[in-house]
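Source file: upload-v9.tsv; contents: TSV, N, CA and C atoms.
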```
chain	number	residue	atom	x	y	z
M	1	MET	N	9.18	1.76	13.09
M	1	MET	CA	8.27	0.62	13.08
M	1	MET	C	7.22	0.77	14.19
M	2	GLY	N	7.53	1.56	15.20
M	2	GLY	CA	6.60	1.74	16.31
M	2	GLY	C	5.25	2.27	15.88
M	3	ALA	N	5.25	3.26	14.97
M	3	ALA	CA	3.98	3.83	14.51
M	3	ALA	C	3.17	2.81	13.72
M	4	VAL	N	3.86	1.98	12.95
M	4	VAL	CA	3.18	0.94	12.17
M	4	VAL	C	2.49	-0.04	13.10
M	5	LEU	N	3.23	-0.53	14.09
M	5	LEU	CA	2.66	-1.50	15.03
M	5	LEU	C	1.56	-0.87	15.87
M	6	ALA	N	1.72	0.40	16.24
M	6	ALA	CA	0.68	1.09	17.00
M	6	ALA	C	-0.59	1.21	16.17
M	7	THR	N	-0.44	1.50	14.89
M	7	THR	CA	-1.61	1.58	14.00
M	7	THR	C	-2.28	0.21	13.91
M	8	GLY	N	-1.48	-0.83	13.76
M	8	GLY	CA	-2.04	-2.18	13.72
M	8	GLY	C	-2.79	-2.53	14.99
M	9	ARG	N	-2.26	-2.12	16.14
M	9	ARG	CA	-2.95	-2.38	17.41
M	9	ARG	C	-4.27	-1.62	17.48
M	10	ARG	N	-4.27	-0.39	17.01
M	10	ARG	CA	-5.51	0.41	17.03
M	10	ARG	C	-6.57	-0.21	16.13
M	11	ILE	N	-6.15	-0.74	14.99
M	11	ILE	CA	-7.09	-1.40	14.08
M	11	ILE	C	-7.58	-2.70	14.70
M	12	SER	N	-6.67	-3.51	15.21
M	12	SER	CA	-7.05	-4.81	15.80
M	12	SER	C	-7.98	-4.65	17.00
M	13	SER	N	-7.79	-3.58	17.76
M	13	SER	CA	-8.63	-3.36	18.95
M	13	SER	C	-10.00	-2.80	18.61
M	14	GLY	N	-10.16	-2.32	17.38
M	14	GLY	CA	-11.43	-1.73	16.98
M	14	GLY	C	-11.51	-0.24	17.28
M	15	GLU	N	-10.42	0.33	17.77
M	15	GLU	CA	-10.39	1.77	18.05
M	15	GLU	C	-10.62	2.57	16.77
M	16	VAL	N	-10.03	2.09	15.67
M	16	VAL	CA	-10.24	2.66	14.34
M	16	VAL	C	-10.38	1.50	13.36
M	17	THR	N	-10.92	1.79	12.20
M	17	THR	CA	-10.99	0.77	11.15
M	17	THR	C	-9.86	0.99	10.16
M	18	SER	N	-9.55	-0.04	9.43
M	18	SER	CA	-8.56	0.09	8.36
M	18	SER	C	-9.04	1.11	7.34
M	19	GLU	N	-10.32	1.10	7.04
M	19	GLU	CA	-10.84	2.06	6.07
M	19	GLU	C	-10.61	3.49	6.55
M	20	GLU	N	-10.82	3.76	7.84
M	20	GLU	CA	-10.59	5.11	8.37
M	20	GLU	C	-9.11	5.50	8.24
M	21	VAL	N	-8.23	4.57	8.55
M	21	VAL	CA	-6.79	4.85	8.45
M	21	VAL	C	-6.40	5.09	7.00
M	22	VAL	N	-6.89	4.26	6.09
M	22	VAL	CA	-6.58	4.43	4.67
M	22	VAL	C	-7.12	5.76	4.17
M	23	ARG	N	-8.34	6.11	4.53
M	23	ARG	CA	-8.90	7.41	4.12
M	23	ARG	C	-8.04	8.56	4.64
M	24	ALA	N	-7.58	8.47	5.88
M	24	ALA	CA	-6.71	9.51	6.44
M	24	ALA	C	-5.40	9.61	5.67
M	25	CYS	N	-4.83	8.47	5.33
M	25	CYS	CA	-3.59	8.46	4.54
M	25	CYS	C	-3.82	9.08	3.16
M	26	LEU	N	-4.91	8.70	2.52
M	26	LEU	CA	-5.21	9.24	1.19
M	26	LEU	C	-5.42	10.75	1.25
M	27	GLN	N	-6.06	11.21	2.31
M	27	GLN	CA	-6.27	12.66	2.49
M	27	GLN	C	-4.93	13.37	2.64
M	28	ARG	N	-4.06	12.82	3.46
M	28	ARG	CA	-2.73	13.42	3.68
M	28	ARG	C	-1.92	13.41	2.38
M	29	ILE	N	-2.00	12.33	1.64
M	29	ILE	CA	-1.30	12.25	0.36
M	29	ILE	C	-1.83	13.33	-0.59
M	30	ALA	N	-3.15	13.47	-0.65
M	30	ALA	CA	-3.76	14.48	-1.53
M	30	ALA	C	-3.28	15.89	-1.16
M	31	GLU	N	-3.10	16.14	0.13
M	31	GLU	CA	-2.66	17.46	0.60
M	31	GLU	C	-1.20	17.73	0.27
M	32	ARG	N	-0.36	16.70	0.20
M	32	ARG	CA	1.08	16.89	0.10
M	32	ARG	C	1.72	16.43	-1.21
M	33	GLU	N	1.02	15.63	-2.00
M	33	GLU	CA	1.66	15.00	-3.16
M	33	GLU	C	2.19	16.01	-4.17
M	34	ASP	N	1.53	17.14	-4.34
M	34	ASP	CA	2.03	18.15	-5.29
M	34	ASP	C	3.40	18.68	-4.90
M	35	THR	N	3.72	18.61	-3.62
M	35	THR	CA	5.02	19.06	-3.12
M	35	THR	C	6.01	17.91	-3.00
M	36	VAL	N	5.53	16.78	-2.51
M	36	VAL	CA	6.41	15.66	-2.17
M	36	VAL	C	6.74	14.78	-3.38
M	37	HIS	N	5.78	14.53	-4.23
M	37	HIS	CA	5.97	13.66	-5.42
M	37	HIS	C	6.49	12.28	-5.03
M	38	ALA	N	5.83	11.65	-4.08
M	38	ALA	CA	6.30	10.36	-3.55
M	38	ALA	C	5.68	9.16	-4.25
M	39	TRP	N	4.56	9.35	-4.94
M	39	TRP	CA	3.79	8.22	-5.46
M	39	TRP	C	3.89	8.13	-6.98
M	40	ALA	N	4.31	6.97	-7.46
M	40	ALA	CA	4.31	6.70	-8.90
M	40	ALA	C	2.92	6.26	-9.35
M	41	HIS	N	2.25	5.47	-8.51
M	41	HIS	CA	0.90	4.98	-8.79
M	41	HIS	C	0.16	4.90	-7.46
M	42	LEU	N	-1.02	5.48	-7.43
M	42	LEU	CA	-1.84	5.45	-6.24
M	42	LEU	C	-3.25	5.08	-6.69
M	43	ASP	N	-3.79	4.01	-6.16
M	43	ASP	CA	-5.13	3.56	-6.54
M	43	ASP	C	-6.01	3.59	-5.30
M	44	ALA	N	-6.67	4.73	-5.09
M	44	ALA	CA	-7.47	4.94	-3.88
M	44	ALA	C	-8.60	3.92	-3.78
M	45	GLU	N	-9.28	3.66	-4.86
M	45	GLU	CA	-10.41	2.72	-4.81
M	45	GLU	C	-9.95	1.31	-4.48
M	46	LEU	N	-8.86	0.88	-5.08
M	46	LEU	CA	-8.32	-0.44	-4.77
M	46	LEU	C	-7.92	-0.51	-3.30
M	47	ALA	N	-7.27	0.52	-2.80
M	47	ALA	CA	-6.85	0.54	-1.39
M	47	ALA	C	-8.07	0.50	-0.46
M	48	LEU	N	-9.10	1.25	-0.79
M	48	LEU	CA	-10.31	1.26	0.05
M	48	LEU	C	-11.02	-0.09	0.01
M	49	ARG	N	-11.05	-0.74	-1.15
M	49	ARG	CA	-11.64	-2.09	-1.22
M	49	ARG	C	-10.87	-3.06	-0.34
M	50	GLN	N	-9.53	-2.98	-0.40
M	50	GLN	CA	-8.71	-3.84	0.44
M	50	GLN	C	-8.99	-3.56	1.92
M	51	ALA	N	-9.07	-2.29	2.28
M	51	ALA	CA	-9.30	-1.90	3.68
M	51	ALA	C	-10.64	-2.44	4.18
M	52	ARG	N	-11.68	-2.29	3.37
M	52	ARG	CA	-13.00	-2.80	3.78
M	52	ARG	C	-12.96	-4.31	3.95
M	53	ALA	N	-12.24	-4.99	3.07
M	53	ALA	CA	-12.11	-6.45	3.19
M	53	ALA	C	-11.38	-6.81	4.48
M	54	ARG	N	-10.32	-6.07	4.82
M	54	ARG	CA	-9.59	-6.35	6.07
M	54	ARG	C	-10.47	-6.09	7.28
M	55	ASP	N	-11.30	-5.05	7.21
M	55	ASP	CA	-12.20	-4.74	8.33
M	55	ASP	C	-13.22	-5.84	8.55
M	56	ALA	N	-13.53	-6.60	7.52
M	56	ALA	CA	-14.53	-7.68	7.63
M	56	ALA	C	-13.91	-8.98	8.13
M	57	GLU	N	-12.59	-9.02	8.29
M	57	GLU	CA	-11.88	-10.24	8.69
M	57	GLU	C	-11.37	-10.13	10.13
M	58	ALA	N	-11.07	-11.28	10.70
M	58	ALA	CA	-10.34	-11.30	11.97
M	58	ALA	C	-8.89	-10.92	11.68
M	59	PRO	N	-8.24	-10.22	12.60
M	59	PRO	CA	-6.84	-9.83	12.38
M	59	PRO	C	-5.94	-11.03	12.12
M	60	ARG	N	-5.07	-10.90	11.11
M	60	ARG	CA	-4.14	-11.97	10.73
M	60	ARG	C	-2.77	-11.80	11.37
M	61	SER	N	-2.39	-10.55	11.61
M	61	SER	CA	-1.04	-10.26	12.09
M	61	SER	C	-1.01	-8.82	12.60
M	62	PRO	N	0.10	-8.38	13.17
M	62	PRO	CA	0.21	-6.98	13.60
M	62	PRO	C	0.08	-5.97	12.45
M	63	LEU	N	0.24	-6.42	11.21
M	63	LEU	CA	0.11	-5.54	10.05
M	63	LEU	C	-1.30	-5.52	9.46
M	64	HIS	N	-2.20	-6.28	10.04
M	64	HIS	CA	-3.55	-6.41	9.49
M	64	HIS	C	-4.22	-5.04	9.38
M	65	GLY	N	-4.60	-4.68	8.15
M	65	GLY	CA	-5.30	-3.43	7.89
M	65	GLY	C	-4.42	-2.21	7.79
M	66	VAL	N	-3.13	-2.35	8.00
M	66	VAL	CA	-2.20	-1.22	7.98
M	66	VAL	C	-1.84	-0.88	6.53
M	67	PRO	N	-2.00	0.39	6.13
M	67	PRO	CA	-1.65	0.77	4.76
M	67	PRO	C	-0.13	0.88	4.58
M	68	VAL	N	0.34	0.42	3.43
M	68	VAL	CA	1.76	0.49	3.09
M	68	VAL	C	1.92	0.91	1.63
M	69	GLY	N	3.07	1.46	1.32
M	69	GLY	CA	3.45	1.74	-0.05
M	69	GLY	C	4.51	0.74	-0.46
M	70	VAL	N	4.54	0.41	-1.73
M	70	VAL	CA	5.51	-0.54	-2.27
M	70	VAL	C	6.36	0.21	-3.30
M	71	LYS	N	7.66	0.11	-3.18
M	71	LYS	CA	8.57	0.77	-4.12
M	71	LYS	C	8.29	0.28	-5.54
M	72	ASP	N	8.38	1.18	-6.50
M	72	ASP	CA	8.01	0.86	-7.89
M	72	ASP	C	8.98	-0.09	-8.59
M	73	VAL	N	9.93	-0.64	-7.89
M	73	VAL	CA	10.81	-1.67	-8.46
M	73	VAL	C	10.38	-3.07	-8.02
M	74	ILE	N	9.34	-3.14	-7.19
M	74	ILE	CA	8.86	-4.42	-6.63
M	74	ILE	C	7.54	-4.77	-7.30
M	75	ASP	N	7.43	-5.98	-7.84
M	75	ASP	CA	6.25	-6.39	-8.59
M	75	ASP	C	5.00	-6.49	-7.72
M	76	THR	N	3.92	-5.94	-8.28
M	76	THR	CA	2.58	-6.08	-7.71
M	76	THR	C	1.65	-6.47	-8.85
M	77	ALA	N	0.84	-7.48	-8.63
M	77	ALA	CA	-0.01	-8.00	-9.70
M	77	ALA	C	-1.14	-7.04	-10.07
M	78	ASP	N	-1.55	-6.19	-9.14
M	78	ASP	CA	-2.71	-5.33	-9.39
M	78	ASP	C	-2.37	-3.87	-9.65
M	79	LEU	N	-1.08	-3.56	-9.72
M	79	LEU	CA	-0.62	-2.20	-10.01
M	79	LEU	C	0.56	-2.27	-10.98
M	80	PRO	N	0.77	-1.24	-11.78
M	80	PRO	CA	1.93	-1.25	-12.67
M	80	PRO	C	3.24	-1.28	-11.88
M	81	THR	N	4.24	-1.90	-12.44
M	81	THR	CA	5.60	-1.83	-11.91
M	81	THR	C	6.47	-1.34	-13.05
M	82	GLU	N	6.82	-0.06	-12.99
M	82	GLU	CA	7.51	0.58	-14.11
M	82	GLU	C	8.98	0.87	-13.84
M	83	GLN	N	9.45	0.60	-12.66
M	83	GLN	CA	10.86	0.77	-12.28
M	83	GLN	C	11.39	2.17	-12.57
M	84	GLY	N	10.49	3.16	-12.48
M	84	GLY	CA	10.91	4.54	-12.65
M	84	GLY	C	11.40	4.90	-14.04
M	85	THR	N	11.04	4.12	-15.05
M	85	THR	CA	11.54	4.38	-16.40
M	85	THR	C	10.43	4.24	-17.43
M	86	VAL	N	10.52	5.04	-18.48
M	86	VAL	CA	9.56	4.92	-19.58
M	86	VAL	C	9.74	3.61	-20.33
M	87	LEU	N	10.89	2.98	-20.18
M	87	LEU	CA	11.12	1.69	-20.83
M	87	LEU	C	10.13	0.62	-20.37
M	88	HIS	N	9.61	0.78	-19.14
M	88	HIS	CA	8.67	-0.19	-18.59
M	88	HIS	C	7.28	0.42	-18.35
M	89	ALA	N	6.98	1.50	-19.04
M	89	ALA	CA	5.69	2.17	-18.87
M	89	ALA	C	4.55	1.20	-19.12
M	90	GLY	N	3.62	1.15	-18.18
M	90	GLY	CA	2.45	0.29	-18.30
M	90	GLY	C	2.68	-1.18	-18.00
M	91	ARG	N	3.89	-1.55	-17.59
M	91	ARG	CA	4.19	-2.96	-17.31
M	91	ARG	C	3.33	-3.46	-16.15
M	92	ARG	N	2.63	-4.56	-16.38
M	92	ARG	CA	1.76	-5.18	-15.37
M	92	ARG	C	2.26	-6.59	-15.09
M	93	PRO	N	2.94	-6.79	-13.97
M	93	PRO	CA	3.42	-8.14	-13.63
M	93	PRO	C	2.26	-9.12	-13.47
M	94	GLU	N	2.54	-10.37	-13.72
M	94	GLU	CA	1.52	-11.41	-13.57
M	94	GLU	C	1.29	-11.79	-12.12
M	95	ARG	N	2.31	-11.59	-11.27
M	95	ARG	CA	2.15	-11.97	-9.87
M	95	ARG	C	2.91	-11.00	-8.99
M	96	ASP	N	2.57	-11.05	-7.71
M	96	ASP	CA	3.26	-10.24	-6.72
M	96	ASP	C	4.66	-10.79	-6.45
M	97	ALA	N	5.59	-9.90	-6.14
M	97	ALA	CA	6.88	-10.32	-5.60
M	97	ALA	C	6.61	-11.02	-4.26
M	98	ASP	N	7.52	-11.87	-3.84
M	98	ASP	CA	7.33	-12.62	-2.59
M	98	ASP	C	7.10	-11.70	-1.40
M	99	CYS	N	7.81	-10.58	-1.34
M	99	CYS	CA	7.63	-9.67	-0.19
M	99	CYS	C	6.24	-9.04	-0.20
M	100	VAL	N	5.69	-8.75	-1.37
M	100	VAL	CA	4.34	-8.20	-1.46
M	100	VAL	C	3.32	-9.27	-1.10
M	101	ALA	N	3.53	-10.49	-1.57
M	101	ALA	CA	2.65	-11.60	-1.20
M	101	ALA	C	2.64	-11.79	0.31
M	102	ALA	N	3.79	-11.63	0.95
M	102	ALA	CA	3.87	-11.77	2.41
M	102	ALA	C	3.11	-10.64	3.10
M	103	LEU	N	3.23	-9.41	2.59
M	103	LEU	CA	2.48	-8.29	3.15
M	103	LEU	C	0.98	-8.54	3.03
M	104	ARG	N	0.55	-8.99	1.87
M	104	ARG	CA	-0.88	-9.27	1.68
M	104	ARG	C	-1.35	-10.39	2.60
M	105	ALA	N	-0.54	-11.45	2.73
M	105	ALA	CA	-0.90	-12.56	3.61
M	105	ALA	C	-1.02	-12.10	5.06
M	106	ALA	N	-0.24	-11.08	5.42
M	106	ALA	CA	-0.30	-10.53	6.77
M	106	ALA	C	-1.48	-9.58	6.95
M	107	GLY	N	-2.18	-9.27	5.84
M	107	GLY	CA	-3.35	-8.41	5.92
M	107	GLY	C	-3.07	-6.94	5.66
M	108	ALA	N	-1.86	-6.59	5.25
M	108	ALA	CA	-1.54	-5.20	4.95
M	108	ALA	C	-2.35	-4.72	3.74
M	109	VAL	N	-2.59	-3.42	3.68
M	109	VAL	CA	-3.31	-2.79	2.57
M	109	VAL	C	-2.28	-2.06	1.70
M	110	ILE	N	-2.21	-2.42	0.43
M	110	ILE	CA	-1.28	-1.78	-0.49
M	110	ILE	C	-1.93	-0.52	-1.05
M	111	LEU	N	-1.40	0.65	-0.68
M	111	LEU	CA	-1.94	1.91	-1.17
M	111	LEU	C	-1.56	2.16	-2.61
M	112	GLY	N	-0.33	1.84	-2.95
M	112	GLY	CA	0.15	2.11	-4.29
M	112	GLY	C	1.64	1.90	-4.37
M	113	LYS	N	2.23	2.49	-5.41
M	113	LYS	CA	3.66	2.33	-5.68
M	113	LYS	C	4.36	3.65	-5.44
M	114	THR	N	5.46	3.61	-4.71
M	114	THR	CA	6.23	4.82	-4.44
M	114	THR	C	7.31	5.01	-5.49
M	115	VAL	N	7.65	6.26	-5.71
M	115	VAL	CA	8.62	6.65	-6.73
M	115	VAL	C	9.96	5.96	-6.48
M	116	SER	N	10.61	5.60	-7.56
M	116	SER	CA	11.91	4.94	-7.50
M	116	SER	C	12.88	5.64	-8.44
M	117	THR	N	14.14	5.60	-8.09
M	117	THR	CA	15.18	6.01	-9.02
M	117	THR	C	15.10	5.08	-10.23
M	118	GLU	N	15.30	5.62	-11.40
M	118	GLU	CA	15.18	4.83	-12.62
M	118	GLU	C	16.03	3.56	-12.56
M	119	LEU	N	15.36	2.43	-12.78
M	119	LEU	CA	15.97	1.10	-12.85
M	119	LEU	C	16.77	0.72	-11.60
M	120	ALA	N	16.39	1.26	-10.45
M	120	ALA	CA	17.07	0.89	-9.20
M	120	ALA	C	16.87	-0.59	-8.92
M	121	THR	N	17.78	-1.16	-8.17
M	121	THR	CA	17.65	-2.58	-7.80
M	121	THR	C	17.65	-2.73	-6.30
```
If you took the structure in this file and wrote it as structure tokens, what would it be?
Amino acid sequence: MGAVLATGRRISSGEVTSEEVVRACLQRIAEREDTVHAWAHLDAELALRQARARDAEAPRSPLHGVPVGVKDVIDTADLPTEQGTVLHAGRRPERDADCVAALRAAGAVILGKTVSTELAT
């Protein structure tokens, strides 16, 4: 958690912007995803729009502007939640799960959905 809070402090202090951090994360993901296979859904443009919006706001919390991934078993209104199975391919929840709503309220930037074991709970 130390790195997360340190990133939040750097964003809040103006040392870096959320957009810069998100771009760095997206670059690292692009370099490693073919090997790691960690992301079920990654929406770079959506993440960058969120980051720019956070940069235009006063910090809300220590997570303000910090990019995060959400496990693909947790509902997100703006990304598919497929629970790692073809049975739910293309499923688009109507609303965020409470934990995702809390992350958004804190100002976190949702990069995308991380891979999940099929139908994990």
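Those DNA, RNA and protein residues that approach the point (2.8, -2.1, 15.8) to within 10 Å, considering only C-alpha atoms, are Met1, Gly2, Ala3, Val4, Leu5, Ala6, Thr7, Gly8, Arg9, Arg10, Ser61, Pro62, Leu63, His64 and Val66 of chain M.
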Requested write-out: N, CA and C atoms of the selected residues, as a short mmCIF file (atom, residue, chain, number, x, y, z; two decimals), keeping the file's coordinate frame:
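File result.cif, as written:
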```cif
data_model
loop_
_atom_site.label_atom_id
_atom_site.label_comp_id
_atom_site.auth_asym_id
_atom_site.auth_seq_id
_atom_site.Cartn_x
_atom_site.Cartn_y
_atom_site.Cartn_z
N MET M 1 9.18 1.76 13.09
CA MET M 1 8.27 0.62 13.08
C MET M 1 7.22 0.77 14.19
N GLY M 2 7.53 1.56 15.20
CA GLY M 2 6.60 1.74 16.31
C GLY M 2 5.25 2.27 15.88
N ALA M 3 5.25 3.26 14.97
CA ALA M 3 3.98 3.83 14.51
C ALA M 3 3.17 2.81 13.72
N VAL M 4 3.86 1.98 12.95
CA VAL M 4 3.18 0.94 12.17
C VAL M 4 2.49 -0.04 13.10
N LEU M 5 3.23 -0.53 14.09
CA LEU M 5 2.66 -1.50 15.03
C LEU M 5 1.56 -0.87 15.87
N ALA M 6 1.72 0.40 16.24
CA ALA M 6 0.68 1.09 17.00
C ALA M 6 -0.59 1.21 16.17
N THR M 7 -0.44 1.50 14.89
CA THR M 7 -1.61 1.58 14.00
C THR M 7 -2.28 0.21 13.91
N GLY M 8 -1.48 -0.83 13.76
CA GLY M 8 -2.04 -2.18 13.72
C GLY M 8 -2.79 -2.53 14.99
N ARG M 9 -2.26 -2.12 16.14
CA ARG M 9 -2.95 -2.38 17.41
C ARG M 9 -4.27 -1.62 17.48
N ARG M 10 -4.27 -0.39 17.01
CA ARG M 10 -5.51 0.41 17.03
C ARG M 10 -6.57 -0.21 16.13
N SER M 61 -2.39 -10.55 11.61
CA SER M 61 -1.04 -10.26 12.09
C SER M 61 -1.01 -8.82 12.60
N PRO M 62 0.10 -8.38 13.17
CA PRO M 62 0.21 -6.98 13.60
C PRO M 62 0.08 -5.97 12.45
N LEU M 63 0.24 -6.42 11.21
CA LEU M 63 0.11 -5.54 10.05
C LEU M 63 -1.30 -5.52 9.46
N HIS M 64 -2.20 -6.28 10.04
CA HIS M 64 -3.55 -6.41 9.49
C HIS M 64 -4.22 -5.04 9.38
N VAL M 66 -3.13 -2.35 8.00
CA VAL M 66 -2.20 -1.22 7.98
C VAL M 66 -1.84 -0.88 6.53
#
```
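The space between atom C of M:Ile74 and atom C of M:Glu45 spans 18.7 Å.
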Inset, instruction - State, in Å with one decimal place, the distance from atom CA of M:Val21 to atom CA of M:Val73. - result: 25.3 Å
Inset, instruction - Please give the complete set of residues from chain M that DSSP, run on the backbone, assigns to helix (DSSP H, G or I), formatted as a ChimeraX atom specification. - result: /M:2-13,18-36,44-55,86-88,98-105
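Distance-wise, atom CA of M:Val22 and atom CA of M:Pro59 end up 16.2 Å apart.
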Inset, instruction - Based on DSSP run over this structure's backbone, return all residues of stretch 15-116 of chain M in strand (DSSP E), as an MDAnalysis selection string. - result: chainID M and resid 39:42 67:71 109:114
Legend entry - Contacts of M:Asp96 at 6 Å (only N, CA and C atoms; same-chain gap of 4+ positions) as a list in words: Asp75, Thr76, Ala77, Val100 and Ala101 of chain M
Inset, instruction - Find the residues near M:Arg52: any atom within 8 Å, counting only C-alpha atoms, skip ones fewer than 3 places away on the same chain, and give them as a PyMOL selection string. - result: chain M and resi 18-19+48-49+55-56
Legend entry - Residue neighbourhood stretch 83-85 of chain M, 6 Å, only N, CA and C atoms, exclusion window fewer than 5 positions, as a list of chain:residue names: M:Asp72, M:Val73, M:Ser116, M:Thr117, M:Glu118, M:Leu119, M:Ala120
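Checking M:Ala51, M:Gly65, M:Asp98, M:Gly112 one by one against M:Pro80, counting only C-alpha atoms, you find the shortest gap at M:Gly112.
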Inset, instruction - Return the single residue from M:Val68, M:Asp43, M:Arg54, M:Lys113 that is closest to M:Thr81, with distances computed using only N, CA and C atoms. - result: M:Lys113
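When all atoms listed in the file are used to measure the gap to M:Ile110, the shortest distance among M:Val16, M:Ala40, M:Thr35, M:Ala47 belongs to M:Ala47.
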Inset, instruction - Find the residues near M:Ala38: any atom within 6 Å, counting all atoms listed in the file, skip ones fewer than 5 places away on the same chain, and give them as an MDAnalysis selection string. - result: chainID M and resid 33 113:115
